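Structure first, then comments.
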Amino acid sequence: DTGVSQNPRHKITKRGQNVTFRCDPISEHNRLYWYRQTLGQGPEFLTYFQNEAQLEKSRLLSDRFSAERPKGSFSTLEIQRTEQGDSAMYLCASSRDRSNQPQHFGDGTRLSIL
Amino acid sequence: GENVEQHPSTLSVQEGDSAVIKCTYSDSASNYFPWYKQELGKRPQLIIDIRSNVGEKKDQRIAVTLNKTAKHFSLHITETQPEDSAVYFCAASGGNNAGNMLTFGGGTRLMVKP
């Protein structure tokens with residue numbers, strides 16, 4: 001069990017640029033979640049995959065956000081035309097494919113928009 | 001949707017004292033309640049969880065209690081140590097939420113003074 005891995009750890013970009021983050025879940029976990037955490041707040045749910053299927057998206061996920069999990073293993077989260085308000089920590093978590101299984105988080109990608 | 005409230009937002013205790021953090025939830029169908037510890041700049045780390053079919057769970061110095069009727073649950077840390085200093089988040093999921101996405105409380109910053 002190597003844990004959930006996220007890359008990059010930090011991303012600094014100019015407003016209006018596109019960014020992409022990657023998450024590698026724990027290998028036997030079929031469920032993968034993306035959350036966003038701003039300073040001093042708890043993580044907020046963005047989207048969820050079961051294998052390669054994206055089954056749920058939060059209202060927080062605007063049209064500028066897109067997530068994929070093409071082969072049911074790693075996932076990418078892309079933000080197009082970044083805005084100041086996108087600055088946050090983007091966390092990925094994974095769990096086994098059964099009800100109410102513990103979600104294990106990665107270290108996150110901290111996005112800073114200049 | 002689910003709403004989770006967490007209190008207090010900050011808690012300062014002397015080493016060796018006990019600490020209690022309380023959370024309330026709104027969705028009576030929620031049935032899974034994990035607690036996470038997050039140190040500065042690090043990933044949320046699952047420390048204990050409880051499912052709605054039990055009222056209490058203990059793991060060494062950490063215990064969680066659940067009152068389904070009142071829709072609240074609490075984290076109890078006994079014999080606190082300086083390394084317990086961190087931000088603690090409660091969360092809730094399950095019920096009508098088929099994907100088991102977590103809804104987090106706002107966090108409690110625990111400071112243990114040596």
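Every chain in the structure tokens has a letter given in the order shown (A, B, ...), and although residue numbers restart at 1 in each chain, ligands are simply numbered from 1 in the order shown.
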
Item to check | Test item: chain A residues at most 8 Å from chain B, counting only C-alpha atoms, as a ChimeraX atom specification | outcome: /A:33,40-45,48,55-56,99-100,102-108

Checklist entry - If you count only C-alpha atoms, which residues fall within 10 Å of Asp97 of chain A, apart from same-chain ones fewer than 4 positions away, as a list of chain:residue names? => result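 The residues satisfying every condition are A:Glu28, A:His29, A:Asn30, A:Arg31, A:Leu32, A:Gln50, A:Asn51, A:Gln101, B:Gly99.
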
Next on the checklist: Considering only strand (DSSP E) as DSSP defines it on the backbone, what residues of chain B qualify? List them as a PyMOL selection string.
Outcome noted: chain B and resi 4-7+10-14+19-25+32-38+45-51+56-59+62-67+72-77+86-92+103-104+108-113

Item to check | For Lys113 of chain B: contacts at 9 Å, only C-alpha atoms, fewer than 4 positions along chain excluded, given as a ChimeraX atom specification | outcome: /B:12-15,81-82,85

Since we have the selection now, will you write its residues out, keeping C-alpha atoms, as a PDB file, in the first residue's frame?
ATOM      1  CA  SER B  12      -6.420  24.903  23.784  1.00  0.00           C
ATOM      2  CA  VAL B  13      -5.638  22.342  26.497  1.00  0.00           C
ATOM      3  CA  GLN B  14      -2.772  21.508  28.816  1.00  0.00           C
ATOM      4  CA  GLU B  15      -0.788  18.382  28.115  1.00  0.00           C
ATOM      5  CA  GLN B  81       0.188  15.145  24.047  1.00  0.00           C
ATOM      6  CA  PRO B  82       1.873  17.999  22.136  1.00  0.00           C
ATOM      7  CA  SER B  85      -1.783  19.502  18.086  1.00  0.00           C
TER       8      SER B  85
END

Checklist entry - Any idea what's packed within 9 Å of Lys68 of chain B, counting only C-alpha atoms, ignoring anything in its chain fewer than 3 positions away? Could you give it as a list in words? => result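 Those residues are Ser28, Asn31, Ser52, Gly55, Lys71, His72 and Phe73 of chain B.
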
Next on the checklist: One number please: atom CA of Ile26 of chain A to atom CA of Ser95 of chain A, in Å, one decimal.
Outcome noted: 7.8 Å

Item to check | For segment 15-17 of chain A: contacts at 10 Å, only C-alpha atoms, fewer than 5 positions along chain excluded, given as a list in words | outcome: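 The residues satisfying every condition are Ile79, Gln80, Arg81, Thr82, Glu83, Gln84, Gly85, Asp86, Ser112, Ile113 and Leu114 of chain A.
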
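Within 6 Å of segment 64-77 of chain A there are Thr20, Phe21, Arg22, Cys23, Asp24, Asn51 and Glu52 of chain A, counting only C-alpha atoms and ignoring same-chain residues fewer than 4 positions away.
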
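The two atoms in question, atom CA of His10 of chain A and atom CA of Arg110 of chain A, are spaced 4.7 Å apart.
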
Checklist entry - Which residue gives the smallest distance to Thr13 of chain A among A:Ser87, A:Asp63, A:Thr47, A:Ala93, with only C-alpha atoms counted? => result A:Ser87

Could you name the residues that touch Leu46 of chain A at 6 Å or less, counting only C-alpha atoms, but leaving out those on the same chain fewer than 2 positions away, as a PDB file with N, CA and C atoms, in the first residue's frame?
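Final file, result_10.pdb:
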ATOM      1  N   TRP A  34     -12.342  13.720  -5.811  1.00  0.00           N
ATOM      2  CA  TRP A  34     -11.622  14.993  -5.782  1.00  0.00           C
ATOM      3  C   TRP A  34     -12.354  15.942  -4.834  1.00  0.00           C
ATOM      4  N   TYR A  35     -11.547  16.620  -3.989  1.00  0.00           N
ATOM      5  CA  TYR A  35     -12.055  17.626  -3.073  1.00  0.00           C
ATOM      6  C   TYR A  35     -11.212  18.892  -3.242  1.00  0.00           C
ATOM      7  N   LYS A  57     -21.053  14.921  -9.692  1.00  0.00           N
ATOM      8  CA  LYS A  57     -20.318  16.186  -9.773  1.00  0.00           C
ATOM      9  C   LYS A  57     -21.007  17.213  -8.893  1.00  0.00           C
ATOM     10  N   SER A  58     -20.222  17.949  -8.142  1.00  0.00           N
ATOM     11  CA  SER A  58     -20.753  19.001  -7.289  1.00  0.00           C
ATOM     12  C   SER A  58     -21.097  20.234  -8.105  1.00  0.00           C
ATOM     13  N   LEU A  61     -18.290  22.438  -9.238  1.00  0.00           N
ATOM     14  CA  LEU A  61     -17.497  22.110 -10.420  1.00  0.00           C
ATOM     15  C   LEU A  61     -18.081  22.851 -11.623  1.00  0.00           C
TER      16      LEU A  61
END
